[in-house]
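Peer 1: Pasting in a structure now, in structure tokens, and then I'll have a few things to ask.
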Number of protein chains: 2
Amino acid sequence: MRLVIARCSVDYAGRLTAHLPSAPRLILVKADGSVSIHADDRAYKPLNWMSPPCTLKEAEGDGDAKAVWTVENKGGEKLIITMEEILHDSSHELGVDPGLIKDGVEAHLQELLADRMETLGEGSTLIRREYPTAIGPVDILGRDAEGTTIAVEIKRRGEIDGVEQLTRYLELLNRDPRLAPVKGVFAAQEIKPQARTLATDRGIRCVTLDYDALRGIEDDKLRLF
Amino acid sequence: MRLVIARCSVDYAGRLTAHLPSAPRLILVKADGSVSIHADDRAYKPLNWMSPPCTLKEAEGDGDAKAVWTVENKGGEKLIITMEEILHDSSHELGVDPGLIKDGVEAHLQELLADRMETLGEGSTLIRREYPTAIGPVDILGRDAEGTTIAVEIKRRGEIDGVEQLTRYLELLNRDPRLAPVKGVFAAQEIKPQARTLATDRGIRCVTLDYDALRGIEDDKLRLF
DNA sequence: GACTATATGTCGTCG
DNA sequence: CGACGACGTATAGTC
């Protein structure tokens, strides 16, 4: 990893064209070949960047420019960094990162809910997770206490997109005489008012999931063995 | 901006929980208060981060740990960085960045298309850009050669979401007797097959936009004056 | 503050 | 490699 602090101007031509006037910035070159140009704000997002794989060519500048870097990828996207003053330049060997361990994503919610279908109502049972359809897998297909098929869409945050997605699944599933009629359930840790309104309007039931409670139940289960 | 290279382990508890085993990494602290932890790959995306506004507390470590940083925001999200070995630590004054100048984003496409409605078919005319509705603004409202209202949704890349968005607008617009019937046009530089299929199925016409051609036409126009 | 739409989104997965 | 969906999406603009 190479860290350069330099007063520089930058031009990008690729998916769009963009220009950065001259100012002091951090230029970060990673071992994967990526280059990113950071100002002292905007959280972790760089002002400008080039994703790997790409090639970096360093050239001597003429006149005011001390150095000119040209970063290019296969798609023909190009990033030109003109450095007028180099304030810092250091390289560091970091090695391969062991990587991040995540917990609490949608996949886990789905797993937990499939194991605790009664969260969706007394007597609810699982048919299968990731039930395949022509337009993609339905998170959970099950039956309610009356034996009616239910299609469950799970999201961490329930927004309008999720309701649209579930609606498309329901349309498709209801064409299958072995399943129809299919009722929709929109399950999320948090459901936005607009999404709830749209869902309700379409006869889709909304269920708020409590991740910690689901996990707690799961932990109890595990403890039995 | 402060740059620290350190062998560290990291724990995040917030919207999810995550853990990073000990390894050498870059810790980037920006003037806006944000902290990000970078490995030597994954392009510009950090392994872990905390967005501003947040507070950073530095503490002495005990035992193996040389230092323990606790970064916390108002929402109760917490990032704990345990540093076992500090390999580099430097600070740099960058000042406020003049910022990026962009060209070629959706707003620009919309501008160009509004000026060249015949791209959508001979005799097409503009009613207005950003036509307001209860659920958000329609990119372009116009009329075709026969005088039928057309609602145009513009995207750089046309995907299924855009078709859904346009569908919602059309449903609403068609309830207005002064406008109905309203035909939909999905215009993008690139339209994904699934989006095209869905659009066609719903009677929405797809138009591929050539940005350079639109801009060329625009340039020609400008040259006349 | 809530909601909508955009993004050089980026990133994984799967056909 | 392209298409698709998720993301601690972030971010900007509007109401």
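By convention here, the chains of the structure tokens are called A, B, ... in the order presented, each chain's residues are numbered starting at 1, and ligands are numbered starting at 1 in the order presented.
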Do me a favour and pick out the residues of chain A within 7 Å of chain B, using only C-alpha atoms, as a ChimeraX atom specification.

Peer 2: /A:1,16-21,23-25,30-32,34,36,39-41,43-44,47,51-52,94,97-104

Peer 1: Please report as a list in words which residues of chain C come no farther than 9 Å from chain B, using only C-alpha atoms (C1' of nucleotides).

Peer 2: DT4, DA5, DT6 and DT10 of chain C

Peer 1: May I ask for the distance between atom C1' of DG15 of chain C and atom CA of Gly76 of chain A, given in Å to one decimal place?

Peer 2: 27.3 Å

Peer 1: For the structure I just gave you, how does DSSP split chain B - specifically, which residues are strand (DSSP E or B)? Reply as a PyMOL selection string.

Peer 2: chain B and resi 2-13+17-29+35-38+48-50+54-60+67-73+78-91+101-103+125-131+138-143+149-158+182-191+205-208

Peer 1: For the alpha helix (DSSP H) assignment from backbone DSSP, which residues of segment 25-198 of chain A qualify? Please present them as an mmCIF file with C-alpha atoms, in the first residue's frame.

Peer 2:
```cif
data_model
loop_
_atom_site.group_PDB
_atom_site.id
_atom_site.type_symbol
_atom_site.label_atom_id
_atom_site.label_comp_id
_atom_site.auth_asym_id
_atom_site.auth_seq_id
_atom_site.Cartn_x
_atom_site.Cartn_y
_atom_site.Cartn_z
ATOM 1 C CA GLU A 106 -30.672 -10.963 5.578
ATOM 2 C CA ALA A 107 -29.440 -14.516 5.063
ATOM 3 C CA HIS A 108 -29.284 -15.018 8.797
ATOM 4 C CA LEU A 109 -32.724 -13.518 9.326
ATOM 5 C CA GLN A 110 -34.079 -15.942 6.740
ATOM 6 C CA GLU A 111 -32.417 -18.876 8.463
ATOM 7 C CA LEU A 112 -33.791 -17.858 11.845
ATOM 8 C CA LEU A 113 -37.290 -17.213 10.560
ATOM 9 C CA ALA A 114 -37.439 -20.509 8.654
ATOM 10 C CA ASP A 115 -36.658 -22.173 11.971
ATOM 11 C CA ILE A 160 -41.026 0.045 -1.412
ATOM 12 C CA ASP A 161 -38.707 -2.035 -3.638
ATOM 13 C CA GLY A 162 -39.237 -5.082 -1.461
ATOM 14 C CA VAL A 163 -43.004 -4.788 -1.810
ATOM 15 C CA GLU A 164 -42.660 -4.578 -5.596
ATOM 16 C CA GLN A 165 -40.469 -7.650 -5.576
ATOM 17 C CA LEU A 166 -42.935 -9.642 -3.477
ATOM 18 C CA THR A 167 -45.795 -8.472 -5.690
ATOM 19 C CA ARG A 168 -44.049 -9.903 -8.768
ATOM 20 C CA TYR A 169 -43.516 -13.219 -6.979
ATOM 21 C CA LEU A 170 -47.157 -13.371 -5.871
ATOM 22 C CA GLU A 171 -48.375 -12.683 -9.403
ATOM 23 C CA LEU A 172 -46.292 -15.569 -10.657
ATOM 24 C CA LEU A 173 -47.015 -17.997 -7.812
ATOM 25 C CA PRO A 193 -44.469 3.770 6.389
ATOM 26 C CA GLN A 194 -44.736 4.130 2.614
ATOM 27 C CA ALA A 195 -43.811 0.483 2.084
ATOM 28 C CA ARG A 196 -46.344 -0.572 4.710
ATOM 29 C CA THR A 197 -49.054 1.457 3.018
ATOM 30 C CA LEU A 198 -48.324 -0.037 -0.406
#
```
